[in-house]
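Structure record follows, encoded as structure tokens.
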Amino acid sequence: MDQEYDVIVLGTGLKECILSGLLSVDGLKVLHMDRNDYYGGESSSLNLVQLYKRFKGNETPPESLGLSKEYNVDMIPKFMMANGTLVRVLIHANVTKYLNFKAVDGSFVYNKGKIYKVPATDVEALTSTLMGLFEKRRARKFFIYVQDYDESDPKSHEGLDLNKVTAREVISKYGLDDSTVEFIGHALALHRDDSYLDKPAMDTIKRMKVYAESLARFQSGSPYIYPLYGLGELPQAFARLSAVYGGTYMLNKPECKVELNESGKVYGVTSDGETARAQKIVCDPSYLPDKVKKVGRVARAICILSHPIPDTNKSHSVQIILPQNQLGRKSDMYVFCCSYAHNVAPKGKYIAIVSTEAETDNPQVELKPGMDLLGTVDETFFDIYDRFEPVNNPLEDNCFVSSSYDATTHFESTVTDVVAMYSKITGKELDLTVDLSAASAAAEQS
């Protein structure tokens, strides 16, 4: 271990593994270490015995839940947008050959106590029960504008400079109701609050286009895909990639103390009395607690069901977004569901996870609106974890710390952090012009 590396990566969470892989592909000499004896860190996947051990101590899982080894329960469950940035990163790094994806059945939004399929195209707008007749027509016109918008073709702009006009101004041109704006902003463009309304509209329009293009990609009921056997496959795929390019992996390394010189710059990492030297460190917040601040808490309920979530067309896999204003909250709530169809549970079993940013001292109660959508639940595991963000300046100390995972059940915010970190570490933009057909996904089979 007493060697010189370009970068040392600490922790094998999804963000760290993606960065390790990308940096290795770039030709950097990477050492990747983890204090745990398993891959994944906070974003690991657990079997049933591990799930009980983590959340219920010495309790033994009942036989009715099936074989432990057939469970792959993701601790940070997130779907991938089929044409989204993460899929582009996977293709760029050529790790899709290690993964098998399956399309996700449904994408729903919560409105006035009920759930509805998220309409994303002009055709879906006309058939959606989420809107009245006249609102459907207005939404259809807006969706056609979004679909036809081409940044390089001024004719498609309808006189609007989306880098200057706000999302609110564009939407008001079409006279859309507040509830329509709500599902467009939160369930289609995947914004986490309403601040986007007063920012340039370009970002929102691009997000909507990615959603619609992803939806069209596999002709399933949602724009999302998900790996068979869950996300636990992802860190291992990037570990393989890094190894192919000469990266070194070391699990079960105690302490992993980051060493700083007198001027506060990193020069290496010490473990087991040996120091590996490097000019740059990449890590999750747990390795450098004095360089992060707590910014919130995520509450979640991990539930095992014996049926699909009601009113989702018997979907084996689904995302439901509960917009904050529907719940009188400051943050959205998310429901993630996957099943034996994605090989994450035994035959006939479903894993549903409800998550949100905790806003009170009683987060279990906060999760009730999402829990109420699930129907009968066989078993529930409640959890809450602190969310951290870096406060250091990596240009001064060369410590590149990732942010904790948020409550969302999609990857868009997570991969934004990864791409931004890559640019800071390397000083260059990540080229994501790739052939998207390199990632295929089988359609869902009942």
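Naming scheme: A, B, ... for chains in displayed order of the structure tokens; residues 1 onward per chain; ligands 1 onward as shown.
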
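Close contacts of Lys291 in chain A, defined as residues with an atom at most 6 Å away when counting only C-alpha atoms, with chain neighbours fewer than 6 positions off set aside, comprise Pro390, Val391 and Asn392 of chain A.
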
Residues from last step as file, N, CA, C and O atoms, as a compact mmCIF listing (two decimals), in the first residue's frame:
# COMPACT_ATOMS: atom_id res chain seq x y z
N PRO A 390 -20.61 19.03 1.77
CA PRO A 390 -19.26 19.53 2.06
C PRO A 390 -19.25 21.04 2.26
O PRO A 390 -20.03 21.77 1.63
N VAL A 391 -18.37 21.51 3.15
CA VAL A 391 -18.21 22.96 3.38
C VAL A 391 -16.79 23.41 3.05
O VAL A 391 -16.48 24.59 3.13
N ASN A 392 -15.93 22.47 2.70
CA ASN A 392 -14.54 22.83 2.40
C ASN A 392 -14.40 23.36 0.97
O ASN A 392 -15.31 23.20 0.14

All residues 12 Å or closer to Gly221 in chain A, only C-alpha atoms, same chain fewer than 6 positions away omitted, as a PDB file with all heavy atoms, in the first residue's frame:
ATOM      1  N   ALA A 103     -37.145  -2.321 -17.911  1.00  0.00           N
ATOM      2  CA  ALA A 103     -37.964  -1.116 -17.865  1.00  0.00           C
ATOM      3  C   ALA A 103     -38.848  -1.135 -16.626  1.00  0.00           C
ATOM      4  O   ALA A 103     -39.264  -2.194 -16.147  1.00  0.00           O
ATOM      5  CB  ALA A 103     -38.817  -1.040 -19.122  1.00  0.00           C
ATOM      6  N   VAL A 104     -39.126   0.060 -16.090  1.00  0.00           N
ATOM      7  CA  VAL A 104     -40.007   0.215 -14.924  1.00  0.00           C
ATOM      8  C   VAL A 104     -41.432   0.453 -15.427  1.00  0.00           C
ATOM      9  O   VAL A 104     -41.657   1.225 -16.362  1.00  0.00           O
ATOM     10  CB  VAL A 104     -39.524   1.391 -14.037  1.00  0.00           C
ATOM     11  CG1 VAL A 104     -40.529   1.713 -12.943  1.00  0.00           C
ATOM     12  CG2 VAL A 104     -38.157   1.047 -13.444  1.00  0.00           C
ATOM     13  N   ASP A 105     -42.398  -0.224 -14.797  1.00  0.00           N
ATOM     14  CA  ASP A 105     -43.780  -0.236 -15.293  1.00  0.00           C
ATOM     15  C   ASP A 105     -44.491   1.107 -15.284  1.00  0.00           C
ATOM     16  O   ASP A 105     -45.174   1.448 -16.234  1.00  0.00           O
ATOM     17  CB  ASP A 105     -44.624  -1.189 -14.426  1.00  0.00           C
ATOM     18  CG  ASP A 105     -44.574  -2.612 -14.928  1.00  0.00           C
ATOM     19  OD1 ASP A 105     -44.005  -2.830 -16.003  1.00  0.00           O
ATOM     20  OD2 ASP A 105     -45.090  -3.497 -14.230  1.00  0.00           O
ATOM     21  N   GLY A 106     -44.395   1.839 -14.165  1.00  0.00           N
ATOM     22  CA  GLY A 106     -45.277   2.995 -14.035  1.00  0.00           C
ATOM     23  C   GLY A 106     -44.660   4.197 -13.358  1.00  0.00           C
ATOM     24  O   GLY A 106     -43.782   4.081 -12.502  1.00  0.00           O
ATOM     25  N   SER A 107     -45.130   5.383 -13.760  1.00  0.00           N
ATOM     26  CA  SER A 107     -44.729   6.647 -13.147  1.00  0.00           C
ATOM     27  C   SER A 107     -46.006   7.404 -12.805  1.00  0.00           C
ATOM     28  O   SER A 107     -46.790   7.741 -13.696  1.00  0.00           O
ATOM     29  CB  SER A 107     -43.870   7.440 -14.137  1.00  0.00           C
ATOM     30  OG  SER A 107     -43.558   8.712 -13.624  1.00  0.00           O
ATOM     31  N   PHE A 108     -46.214   7.633 -11.506  1.00  0.00           N
ATOM     32  CA  PHE A 108     -47.485   8.194 -11.038  1.00  0.00           C
ATOM     33  C   PHE A 108     -47.264   9.450 -10.199  1.00  0.00           C
ATOM     34  O   PHE A 108     -46.188   9.684  -9.666  1.00  0.00           O
ATOM     35  CB  PHE A 108     -48.240   7.151 -10.201  1.00  0.00           C
ATOM     36  CG  PHE A 108     -48.723   5.967 -10.995  1.00  0.00           C
ATOM     37  CD1 PHE A 108     -47.868   4.918 -11.296  1.00  0.00           C
ATOM     38  CD2 PHE A 108     -50.039   5.904 -11.448  1.00  0.00           C
ATOM     39  CE1 PHE A 108     -48.303   3.826 -12.043  1.00  0.00           C
ATOM     40  CE2 PHE A 108     -50.490   4.817 -12.194  1.00  0.00           C
ATOM     41  CZ  PHE A 108     -49.620   3.772 -12.486  1.00  0.00           C
ATOM     42  N   LYS A 117     -51.440   8.272 -13.448  1.00  0.00           N
ATOM     43  CA  LYS A 117     -50.271   8.145 -14.321  1.00  0.00           C
ATOM     44  C   LYS A 117     -49.830   9.548 -14.736  1.00  0.00           C
ATOM     45  O   LYS A 117     -50.660  10.398 -15.036  1.00  0.00           O
ATOM     46  CB  LYS A 117     -50.628   7.318 -15.556  1.00  0.00           C
ATOM     47  CG  LYS A 117     -49.423   7.043 -16.446  1.00  0.00           C
ATOM     48  CD  LYS A 117     -49.814   6.256 -17.697  1.00  0.00           C
ATOM     49  CE  LYS A 117     -48.565   5.868 -18.483  1.00  0.00           C
ATOM     50  NZ  LYS A 117     -47.756   7.003 -18.911  1.00  0.00           N
ATOM     51  N   VAL A 118     -48.525   9.781 -14.744  1.00  0.00           N
ATOM     52  CA  VAL A 118     -47.998  11.096 -15.129  1.00  0.00           C
ATOM     53  C   VAL A 118     -48.106  11.242 -16.649  1.00  0.00           C
ATOM     54  O   VAL A 118     -47.457  10.504 -17.389  1.00  0.00           O
ATOM     55  CB  VAL A 118     -46.523  11.253 -14.709  1.00  0.00           C
ATOM     56  CG1 VAL A 118     -45.981  12.602 -15.185  1.00  0.00           C
ATOM     57  CG2 VAL A 118     -46.376  11.129 -13.198  1.00  0.00           C
ATOM     58  N   PRO A 119     -48.930  12.171 -17.142  1.00  0.00           N
ATOM     59  CA  PRO A 119     -48.986  12.381 -18.596  1.00  0.00           C
ATOM     60  C   PRO A 119     -47.763  13.170 -19.055  1.00  0.00           C
ATOM     61  O   PRO A 119     -47.405  14.176 -18.449  1.00  0.00           O
ATOM     62  CB  PRO A 119     -50.275  13.194 -18.794  1.00  0.00           C
ATOM     63  CG  PRO A 119     -50.514  13.867 -17.486  1.00  0.00           C
ATOM     64  CD  PRO A 119     -49.864  13.035 -16.418  1.00  0.00           C
ATOM     65  N   ALA A 120     -47.107  12.711 -20.128  1.00  0.00           N
ATOM     66  CA  ALA A 120     -45.841  13.332 -20.523  1.00  0.00           C
ATOM     67  C   ALA A 120     -45.813  13.775 -21.978  1.00  0.00           C
ATOM     68  O   ALA A 120     -44.867  14.413 -22.405  1.00  0.00           O
ATOM     69  CB  ALA A 120     -44.693  12.357 -20.267  1.00  0.00           C
ATOM     70  N   GLU A 124     -50.925  11.714 -24.342  1.00  0.00           N
ATOM     71  CA  GLU A 124     -51.292  11.337 -22.967  1.00  0.00           C
ATOM     72  C   GLU A 124     -52.074  12.449 -22.274  1.00  0.00           C
ATOM     73  O   GLU A 124     -52.946  12.178 -21.438  1.00  0.00           O
ATOM     74  CB  GLU A 124     -50.038  10.991 -22.158  1.00  0.00           C
ATOM     75  CG  GLU A 124     -49.386   9.691 -22.596  1.00  0.00           C
ATOM     76  CD  GLU A 124     -48.214   9.290 -21.707  1.00  0.00           C
ATOM     77  OE1 GLU A 124     -47.677  10.148 -20.988  1.00  0.00           O
ATOM     78  OE2 GLU A 124     -47.853   8.118 -21.738  1.00  0.00           O
ATOM     79  N   TYR A 211     -37.500  13.436 -20.080  1.00  0.00           N
ATOM     80  CA  TYR A 211     -38.549  12.538 -19.573  1.00  0.00           C
ATOM     81  C   TYR A 211     -39.316  11.918 -20.751  1.00  0.00           C
ATOM     82  O   TYR A 211     -39.498  10.703 -20.823  1.00  0.00           O
ATOM     83  CB  TYR A 211     -39.503  13.319 -18.667  1.00  0.00           C
ATOM     84  CG  TYR A 211     -40.512  12.457 -17.923  1.00  0.00           C
ATOM     85  CD1 TYR A 211     -40.366  12.203 -16.561  1.00  0.00           C
ATOM     86  CD2 TYR A 211     -41.618  11.903 -18.568  1.00  0.00           C
ATOM     87  CE1 TYR A 211     -41.284  11.422 -15.869  1.00  0.00           C
ATOM     88  CE2 TYR A 211     -42.537  11.121 -17.889  1.00  0.00           C
ATOM     89  CZ  TYR A 211     -42.368  10.885 -16.538  1.00  0.00           C
ATOM     90  OH  TYR A 211     -43.271  10.107 -15.860  1.00  0.00           O
ATOM     91  N   ALA A 212     -39.769  12.782 -21.685  1.00  0.00           N
ATOM     92  CA  ALA A 212     -40.568  12.297 -22.817  1.00  0.00           C
ATOM     93  C   ALA A 212     -39.757  11.363 -23.710  1.00  0.00           C
ATOM     94  O   ALA A 212     -40.257  10.325 -24.169  1.00  0.00           O
ATOM     95  CB  ALA A 212     -41.100  13.483 -23.613  1.00  0.00           C
ATOM     96  N   SER A 214     -37.188   9.567 -22.799  1.00  0.00           N
ATOM     97  CA  SER A 214     -36.958   8.328 -22.042  1.00  0.00           C
ATOM     98  C   SER A 214     -38.208   7.450 -22.065  1.00  0.00           C
ATOM     99  O   SER A 214     -38.119   6.224 -22.180  1.00  0.00           O
ATOM    100  CB  SER A 214     -36.588   8.658 -20.588  1.00  0.00           C
ATOM    101  OG  SER A 214     -35.398   9.397 -20.521  1.00  0.00           O
ATOM    102  N   LEU A 215     -39.369   8.097 -21.970  1.00  0.00           N
ATOM    103  CA  LEU A 215     -40.639   7.362 -21.999  1.00  0.00           C
ATOM    104  C   LEU A 215     -40.810   6.641 -23.334  1.00  0.00           C
ATOM    105  O   LEU A 215     -41.264   5.492 -23.382  1.00  0.00           O
ATOM    106  CB  LEU A 215     -41.785   8.353 -21.778  1.00  0.00           C
ATOM    107  CG  LEU A 215     -43.195   7.774 -21.662  1.00  0.00           C
ATOM    108  CD1 LEU A 215     -43.313   6.932 -20.395  1.00  0.00           C
ATOM    109  CD2 LEU A 215     -44.232   8.895 -21.637  1.00  0.00           C
ATOM    110  N   THR A 312     -52.210   1.078  -9.384  1.00  0.00           N
ATOM    111  CA  THR A 312     -51.054   1.318 -10.267  1.00  0.00           C
ATOM    112  C   THR A 312     -51.075   0.358 -11.454  1.00  0.00           C
ATOM    113  O   THR A 312     -50.027   0.049 -12.027  1.00  0.00           O
ATOM    114  CB  THR A 312     -49.727   1.144  -9.500  1.00  0.00           C
ATOM    115  OG1 THR A 312     -49.638  -0.211  -9.007  1.00  0.00           O
ATOM    116  CG2 THR A 312     -49.597   2.117  -8.345  1.00  0.00           C
ATOM    117  N   ASN A 313     -52.267  -0.107 -11.823  1.00  0.00           N
ATOM    118  CA  ASN A 313     -52.412  -1.049 -12.949  1.00  0.00           C
ATOM    119  C   ASN A 313     -51.613  -2.335 -12.716  1.00  0.00           C
ATOM    120  O   ASN A 313     -51.028  -2.895 -13.643  1.00  0.00           O
ATOM    121  CB  ASN A 313     -51.970  -0.405 -14.279  1.00  0.00           C
ATOM    122  CG  ASN A 313     -52.724   0.878 -14.558  1.00  0.00           C
ATOM    123  OD1 ASN A 313     -53.902   0.986 -14.235  1.00  0.00           O
ATOM    124  ND2 ASN A 313     -52.049   1.857 -15.134  1.00  0.00           N
ATOM    125  N   LYS A 314     -51.574  -2.761 -11.454  1.00  0.00           N
ATOM    126  CA  LYS A 314     -50.857  -3.984 -11.068  1.00  0.00           C
ATOM    127  C   LYS A 314     -49.378  -3.945 -11.483  1.00  0.00           C
ATOM    128  O   LYS A 314     -48.796  -4.950 -11.888  1.00  0.00           O
ATOM    129  CB  LYS A 314     -51.545  -5.225 -11.647  1.00  0.00           C
ATOM    130  CG  LYS A 314     -52.959  -5.417 -11.106  1.00  0.00           C
ATOM    131  CD  LYS A 314     -53.598  -6.677 -11.601  1.00  0.00           C
ATOM    132  CE  LYS A 314     -54.987  -6.840 -10.994  1.00  0.00           C
ATOM    133  NZ  LYS A 314     -55.698  -8.030 -11.512  1.00  0.00           N
ATOM    134  N   SER A 315     -48.783  -2.788 -11.369  1.00  0.00           N
ATOM    135  CA  SER A 315     -47.387  -2.607 -11.776  1.00  0.00           C
ATOM    136  C   SER A 315     -46.434  -3.355 -10.852  1.00  0.00           C
ATOM    137  O   SER A 315     -46.540  -3.268  -9.639  1.00  0.00           O
ATOM    138  CB  SER A 315     -47.033  -1.112 -11.759  1.00  0.00           C
ATOM    139  OG  SER A 315     -47.792  -0.407 -12.701  1.00  0.00           O
ATOM    140  N   HIS A 316     -45.482  -4.037 -11.456  1.00  0.00           N
ATOM    141  CA  HIS A 316     -44.436  -4.714 -10.682  1.00  0.00           C
ATOM    142  C   HIS A 316     -43.396  -3.728 -10.171  1.00  0.00           C
ATOM    143  O   HIS A 316     -42.691  -3.995  -9.200  1.00  0.00           O
ATOM    144  CB  HIS A 316     -43.731  -5.768 -11.550  1.00  0.00           C
ATOM    145  CG  HIS A 316     -44.507  -7.030 -11.704  1.00  0.00           C
ATOM    146  ND1 HIS A 316     -44.467  -8.040 -10.785  1.00  0.00           N
ATOM    147  CD2 HIS A 316     -45.355  -7.442 -12.676  1.00  0.00           C
ATOM    148  CE1 HIS A 316     -45.248  -9.030 -11.173  1.00  0.00           C
ATOM    149  NE2 HIS A 316     -45.804  -8.701 -12.314  1.00  0.00           N
ATOM    150  N   SER A 317     -43.262  -2.606 -10.887  1.00  0.00           N
ATOM    151  CA  SER A 317     -42.283  -1.592 -10.493  1.00  0.00           C
ATOM    152  C   SER A 317     -42.881  -0.223 -10.785  1.00  0.00           C
ATOM    153  O   SER A 317     -43.493  -0.024 -11.841  1.00  0.00           O
ATOM    154  CB  SER A 317     -40.971  -1.783 -11.264  1.00  0.00           C
ATOM    155  OG  SER A 317     -41.229  -1.924 -12.652  1.00  0.00           O
ATOM    156  N   VAL A 318     -42.715   0.705  -9.850  1.00  0.00           N
ATOM    157  CA  VAL A 318     -43.405   1.982  -9.997  1.00  0.00           C
ATOM    158  C   VAL A 318     -42.747   3.063  -9.141  1.00  0.00           C
ATOM    159  O   VAL A 318     -42.159   2.776  -8.102  1.00  0.00           O
ATOM    160  CB  VAL A 318     -44.894   1.814  -9.608  1.00  0.00           C
ATOM    161  CG1 VAL A 318     -45.040   1.473  -8.143  1.00  0.00           C
ATOM    162  CG2 VAL A 318     -45.717   3.042  -9.932  1.00  0.00           C
ATOM    163  N   GLN A 319     -42.839   4.319  -9.617  1.00  0.00           N
ATOM    164  CA  GLN A 319     -42.508   5.472  -8.788  1.00  0.00           C
ATOM    165  C   GLN A 319     -43.767   6.319  -8.645  1.00  0.00           C
ATOM    166  O   GLN A 319     -44.481   6.547  -9.614  1.00  0.00           O
ATOM    167  CB  GLN A 319     -41.403   6.321  -9.412  1.00  0.00           C
ATOM    168  CG  GLN A 319     -41.144   7.613  -8.619  1.00  0.00           C
ATOM    169  CD  GLN A 319     -40.037   8.470  -9.215  1.00  0.00           C
ATOM    170  OE1 GLN A 319     -38.928   8.440  -8.735  1.00  0.00           O
ATOM    171  NE2 GLN A 319     -40.350   9.227 -10.244  1.00  0.00           N
ATOM    172  N   ALA A 443     -38.504  -5.305 -21.619  1.00  0.00           N
ATOM    173  CA  ALA A 443     -39.819  -4.849 -21.138  1.00  0.00           C
ATOM    174  C   ALA A 443     -40.229  -5.714 -19.961  1.00  0.00           C
ATOM    175  O   ALA A 443     -39.821  -6.869 -19.830  1.00  0.00           O
ATOM    176  CB  ALA A 443     -40.842  -4.938 -22.261  1.00  0.00           C
ATOM    177  N   GLU A 444     -41.075  -5.139 -19.101  1.00  0.00           N
ATOM    178  CA  GLU A 444     -41.504  -5.855 -17.890  1.00  0.00           C
ATOM    179  C   GLU A 444     -42.395  -7.035 -18.262  1.00  0.00           C
ATOM    180  O   GLU A 444     -43.287  -6.926 -19.090  1.00  0.00           O
ATOM    181  CB  GLU A 444     -42.306  -4.869 -17.033  1.00  0.00           C
ATOM    182  CG  GLU A 444     -42.533  -5.324 -15.625  1.00  0.00           C
ATOM    183  CD  GLU A 444     -41.295  -5.131 -14.773  1.00  0.00           C
ATOM    184  OE1 GLU A 444     -40.450  -6.034 -14.789  1.00  0.00           O
ATOM    185  OE2 GLU A 444     -41.204  -4.120 -14.086  1.00  0.00           O
TER     186      GLU A 444
END

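Across A:Val298, A:Ile425, A:Thr270, A:Ala352, the tightest approach to Gly370 in chain A is made by A:Ala352 when counting only C-alpha atoms.
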
Contacts of Asp397 in chain A within 7 Å, only C-alpha atoms, excl. fewer than 3 positions in-chain, as a PyMOL selection string:
chain A and resi 264-266+393-394

Preceding selection exported with N, CA and C atoms as an mmCIF file, in the first residue's frame:
data_model
loop_
_atom_site.group_PDB
_atom_site.id
_atom_site.type_symbol
_atom_site.label_atom_id
_atom_site.label_comp_id
_atom_site.auth_asym_id
_atom_site.auth_seq_id
_atom_site.Cartn_x
_atom_site.Cartn_y
_atom_site.Cartn_z
ATOM 1 N N GLY A 264 -2.575 22.358 5.191
ATOM 2 C CA GLY A 264 -3.945 21.853 5.104
ATOM 3 C C GLY A 264 -4.264 21.083 3.846
ATOM 4 N N LYS A 265 -3.236 20.810 3.015
ATOM 5 C CA LYS A 265 -3.464 20.047 1.788
ATOM 6 C C LYS A 265 -3.275 18.550 2.071
ATOM 7 N N VAL A 266 -4.084 17.741 1.388
ATOM 8 C CA VAL A 266 -3.992 16.298 1.584
ATOM 9 C C VAL A 266 -2.714 15.755 0.931
ATOM 10 N N ASN A 393 -13.269 23.961 0.676
ATOM 11 C CA ASN A 393 -12.938 24.379 -0.681
ATOM 12 C C ASN A 393 -11.923 23.387 -1.240
ATOM 13 N N PRO A 394 -12.343 22.485 -2.156
ATOM 14 C CA PRO A 394 -11.423 21.445 -2.646
ATOM 15 C C PRO A 394 -10.220 21.999 -3.394
#

Using DSSP on the backbone, list every residue of range 141-352 of chain A that comes out as alpha helix (DSSP H), and give them as number ranges by chain.
A: 141-148, 167-173, 178-183, 202-218, 233-244, 324-327

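For Leu305 in chain A, the set of protein, DNA and RNA residues having any atom at most 7 Å away, when counting only C-alpha atoms and skipping those fewer than 4 positions along the same chain, is Lys349, Tyr350, Ile351, Thr376, Val377 and Asp378 of chain A.
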